[in-house]
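Only one structure is covered here, and it is reproduced in the block below.
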Amino acid sequence: MSEDLELAAKVHYSFLPEDYEDKRIIISSTLRPLYPLGGDYCSILALDENRVLVCTCDAVGHGVSAALFAARINTFVQTHACIDTLPCDLVAGLNSHLCKRLGETGIYTSFYALLFDFEDGTLSLAGAAHPPVLQVCHGSKNCQQWPSRATYLGIMDPMPLECGVERIPLSSGQRFLLYSDGLIEAEGAGHELFGVERLVLTLTKYKNLKGQELNSAVLDRAEAFTVNGFNDDVLLISVAIV
């Protein structure tokens, strides 16, 4: 790796958020980039004392162009997120911005936004072509999947499929998992994919863990499944409701 590329990677990933924790929620992110620079990124923003916004994106491709695209998304989220932000407003606004400013690049992205509102006791979710958010609850073996409703962002404005939002109650013991497709597309023997079903089983098995312990358990299980390790960037974000 050249010195310039190594420095660029340090600068780029220095803007990834630190883990967030208070008496109600624990949020931890872990990134395993395939190359020095990539398009997987996330934001964790405390909008006020009762609202926390979590966003993640996976810009198509690898390298400098995908990293710059992801960084632009992060900047948009940082500057447009406010106390009364709604996930679908963020999704639609980001799509318009990318189409207007970066539409000619040919790069597009998946995206997911989660708004944890402890004043209302609810979670609002809205995704665009990103893998489904997984949810498990304390004392339950069932795993709920929350798929994206909208299409990739940065291709067409307005979007061919309108953003749709899910709103669910929050309760102690819940675990939520966001991840990029590099996790579920990890290849095992015979080119078999790790897949969502194995990820569901893994999350259910380790649901009593939280923070980086949960992230490590999931990543270790997925990597052990592979033959030659991950073949794409992997970004994992776990959320534990205390």
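Quick note on naming: the chains in the structure tokens go A, B, ... in the order shown, residues restart at 1 in each chain, and ligands are numbered from 1 in order of appearance.
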
**Request:** Just the residues within 9 Å of Pro147 of chain A, please, counting only C-alpha atoms, with nothing from its chain fewer than 3 positions along; format it as a PyMOL selection string.
**Result:** chain A and resi 126-134

Give me a file of those residues, with C-alpha atoms, as a short mmCIF file (atom, residue, chain, number, x, y, z; two decimals), in the first residue's frame.
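part04.cif written:
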data_model
loop_
_atom_site.label_atom_id
_atom_site.label_comp_id
_atom_site.auth_asym_id
_atom_site.auth_seq_id
_atom_site.Cartn_x
_atom_site.Cartn_y
_atom_site.Cartn_z
CA ALA A 126 -36.58 2.88 6.68
CA GLY A 127 -34.31 1.11 4.22
CA ALA A 128 -33.29 1.45 0.58
CA ALA A 129 -32.00 -1.78 -1.01
CA HIS A 130 -30.00 -2.60 2.13
CA PRO A 131 -30.16 -6.09 3.68
CA PRO A 132 -32.96 -6.52 6.23
CA VAL A 133 -32.43 -5.38 9.80
CA LEU A 134 -32.70 -8.32 12.20
#

Please report, as a compact mmCIF listing (two decimals) with N, CA and C atoms, in the first residue's frame, each residue of segment 117-188 of chain A to which DSSP assigns strand (DSSP E) when run on this structure's backbone.
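Output file selection37.txt follows:
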# COMPACT_ATOMS: atom_id res chain seq x y z
N ASP A 117 -36.47 6.43 19.46
CA ASP A 117 -37.13 7.53 20.17
C ASP A 117 -37.58 7.02 21.54
N THR A 122 -40.41 4.14 20.79
CA THR A 122 -40.56 3.48 19.50
C THR A 122 -39.26 3.52 18.69
N LEU A 123 -39.19 2.62 17.74
CA LEU A 123 -38.13 2.61 16.74
C LEU A 123 -38.77 2.74 15.38
N SER A 124 -38.27 3.69 14.57
CA SER A 124 -38.74 3.86 13.20
C SER A 124 -37.62 3.42 12.26
N LEU A 125 -37.95 2.58 11.28
CA LEU A 125 -36.95 2.02 10.36
C LEU A 125 -37.34 2.32 8.92
N ALA A 126 -36.35 2.68 8.11
CA ALA A 126 -36.58 2.88 6.68
C ALA A 126 -35.32 2.50 5.92
N GLY A 127 -35.47 1.59 4.95
CA GLY A 127 -34.31 1.11 4.22
C GLY A 127 -34.47 1.26 2.73
N ALA A 128 -33.32 1.34 2.04
CA ALA A 128 -33.29 1.45 0.58
C ALA A 128 -32.29 0.43 0.05
N VAL A 133 -32.82 -5.47 8.40
CA VAL A 133 -32.43 -5.38 9.80
C VAL A 133 -33.02 -6.58 10.54
N LEU A 134 -32.23 -7.18 11.41
CA LEU A 134 -32.70 -8.32 12.20
C LEU A 134 -32.99 -7.88 13.62
N GLN A 135 -34.03 -8.46 14.21
CA GLN A 135 -34.44 -8.14 15.58
C GLN A 135 -34.74 -9.42 16.34
N VAL A 136 -34.13 -9.57 17.50
CA VAL A 136 -34.50 -10.64 18.42
C VAL A 136 -34.81 -10.03 19.77
N CYS A 143 -36.88 -14.50 15.31
CA CYS A 143 -36.14 -13.36 14.79
C CYS A 143 -36.99 -12.66 13.74
N GLN A 144 -37.21 -11.39 13.94
CA GLN A 144 -38.00 -10.59 13.00
C GLN A 144 -37.06 -9.92 12.00
N GLN A 145 -37.42 -9.98 10.72
CA GLN A 145 -36.65 -9.30 9.69
C GLN A 145 -37.41 -8.08 9.20
N TRP A 146 -36.68 -6.97 9.06
CA TRP A 146 -37.28 -5.72 8.59
C TRP A 146 -36.59 -5.34 7.28
N GLU A 166 -41.32 1.49 8.98
CA GLU A 166 -41.91 0.62 10.00
C GLU A 166 -41.72 1.29 11.35
N ARG A 167 -42.70 1.14 12.22
CA ARG A 167 -42.62 1.75 13.55
C ARG A 167 -42.99 0.68 14.57
N ILE A 168 -42.05 0.36 15.46
CA ILE A 168 -42.26 -0.74 16.40
C ILE A 168 -41.93 -0.27 17.82
N PRO A 169 -42.55 -0.89 18.81
CA PRO A 169 -42.28 -0.50 20.21
C PRO A 169 -40.91 -1.03 20.67
N ARG A 175 -32.48 -6.93 20.65
CA ARG A 175 -31.22 -6.81 19.92
C ARG A 175 -31.55 -6.55 18.45
N PHE A 176 -30.86 -5.58 17.88
CA PHE A 176 -31.02 -5.27 16.46
C PHE A 176 -29.66 -5.39 15.79
N LEU A 177 -29.66 -5.88 14.55
CA LEU A 177 -28.42 -6.06 13.83
C LEU A 177 -28.55 -5.48 12.43
N LEU A 178 -27.65 -4.53 12.10
CA LEU A 178 -27.51 -4.00 10.75
C LEU A 178 -26.18 -4.51 10.20
N TYR A 179 -26.12 -4.74 8.89
CA TYR A 179 -24.92 -5.32 8.32
C TYR A 179 -24.92 -5.06 6.82

**Request:** Within 8 Å of Val234 of chain A, counting only C-alpha atoms, which residues show up once you throw out same-chain ones fewer than 3 positions away? Write them as a PyMOL selection string, please.
**Result:** chain A and resi 31-34+40+179-183+230

Selection from above, C-alpha atoms, as a PDB file, in the first residue's frame, can you write it?
ATOM      1  CA  LEU A  31     -15.736  -2.635  10.070  1.00  0.00           C
ATOM      2  CA  ARG A  32     -13.693  -5.237   8.179  1.00  0.00           C
ATOM      3  CA  PRO A  33     -12.684  -3.537   4.885  1.00  0.00           C
ATOM      4  CA  LEU A  34     -11.536  -5.786   2.062  1.00  0.00           C
ATOM      5  CA  ASP A  40     -19.253   0.769   3.728  1.00  0.00           C
ATOM      6  CA  TYR A 179     -24.922  -5.324   8.316  1.00  0.00           C
ATOM      7  CA  SER A 180     -23.629  -4.892   4.788  1.00  0.00           C
ATOM      8  CA  ASP A 181     -24.073  -7.625   2.188  1.00  0.00           C
ATOM      9  CA  GLY A 182     -20.432  -8.642   2.499  1.00  0.00           C
ATOM     10  CA  LEU A 183     -21.441 -10.559   5.632  1.00  0.00           C
ATOM     11  CA  PHE A 230     -14.484 -12.413   3.551  1.00  0.00           C
TER      12      PHE A 230
END

**Prompt:** Near Tyr41 of chain A, within 12 Å and counting only C-alpha atoms, which residues show up once chain neighbours fewer than 2 positions away are dropped, as a ChimeraX atom specification?
**Reply:** /A:12-17,29-33,37-39,43-44,54-60,66-75,77,109-112,178-180,233-237

**Request:** Go ahead and compute the interatomic distance for atom CA of Cys137 of chain A and atom CA of Phe116 of chain A, in Å to one decimal.
**Result:**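 Atom CA of Phe116 of chain A lies at a distance of 15.9 Å from atom CA of Cys137 of chain A.
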
**Request:** Please identify which residues in segment 11-230 of chain A DSSP calls alpha helix (DSSP H) from the backbone, and express them as a PyMOL selection string.
**Result:** chain A and resi 11-13+63-80+87-102+181-184+195-205+211-225

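You will find atom CA of Val64 of chain A at 11.9 Å from atom CA of Ile107 of chain A.
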
**Message:** I want to know what sits within 7 Å of Val227 of chain A, based on only C-alpha atoms, with residues of the same chain fewer than 4 positions away left out; could you give that as a list in words?
**Reply:** Glu187, Gly188 and Ala189 of chain A

Could those selected residues go to a file with N, CA and C atoms, as a short mmCIF file (atom, residue, chain, number, x, y, z; two decimals), in the first residue's frame?
data_model
loop_
_atom_site.label_atom_id
_atom_site.label_comp_id
_atom_site.auth_asym_id
_atom_site.auth_seq_id
_atom_site.Cartn_x
_atom_site.Cartn_y
_atom_site.Cartn_z
N GLU A 187 -18.49 -16.61 1.33
CA GLU A 187 -18.59 -17.91 0.68
C GLU A 187 -17.91 -19.01 1.47
N GLY A 188 -18.63 -20.13 1.60
CA GLY A 188 -18.07 -21.32 2.20
C GLY A 188 -17.69 -22.33 1.14
N ALA A 189 -17.58 -23.57 1.54
CA ALA A 189 -17.24 -24.64 0.60
C ALA A 189 -18.31 -24.76 -0.48
#

**Shortest interatomic distance to Thr202 of chain A - which of A:Leu5, A:Cys42, A:Val218, A:Val242, counting only C-alpha atoms** =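 With only C-alpha atoms as the atom set, the closest residue is A:Val218.
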
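Using only C-alpha atoms for every distance, the candidate list A:Phe76, A:Tyr108, A:Phe118, A:Tyr20 yields A:Phe118 as the residue closest to Ser172 of chain A.
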
**Request:** Pick out the closest residue to Leu201 of chain A from this set: A:Glu49, A:Leu214, A:Lys141, A:Met156. Count only C-alpha atoms.
**Result:**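 Of A:Glu49, A:Leu214, A:Lys141, A:Met156, the one nearest Leu201 of chain A is A:Lys141, counting only C-alpha atoms.
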
**Pick from A:His138, A:His191, A:Arg149, A:His97 nearest to Tyr206 of chain A, counting only C-alpha atoms** = A:His138

**Request:** Tell me which of A:Asn215, A:Thr85, A:Asn231, A:Asn95 sits closest to Tyr35 of chain A, counting only C-alpha atoms.
**Result:** A:Asn231

**Asked** What separation in Å, quoted to one decimal, exists between atom CA of His62 of chain A and atom CA of Gly229 of chain A?
**Response** 17.1 Å

Residue contacts of Leu199 of chain A (8 Å, only C-alpha atoms) excluding same-chain residues fewer than 3 positions away, as a PDB file with C-alpha atoms, in the first residue's frame:
ATOM      1  CA  ILE A 184     -24.245 -12.648   4.179  1.00  0.00           C
ATOM      2  CA  PHE A 194     -23.362 -17.656   4.675  1.00  0.00           C
ATOM      3  CA  GLY A 195     -26.790 -16.134   4.051  1.00  0.00           C
ATOM      4  CA  VAL A 196     -29.460 -14.504   6.162  1.00  0.00           C
ATOM      5  CA  THR A 202     -26.075 -16.844  14.924  1.00  0.00           C
ATOM      6  CA  LEU A 203     -27.808 -13.753  16.284  1.00  0.00           C
ATOM      7  CA  VAL A 218     -21.173 -12.844  14.742  1.00  0.00           C
ATOM      8  CA  ALA A 222     -19.253 -15.962   9.648  1.00  0.00           C
TER       9      ALA A 222
END
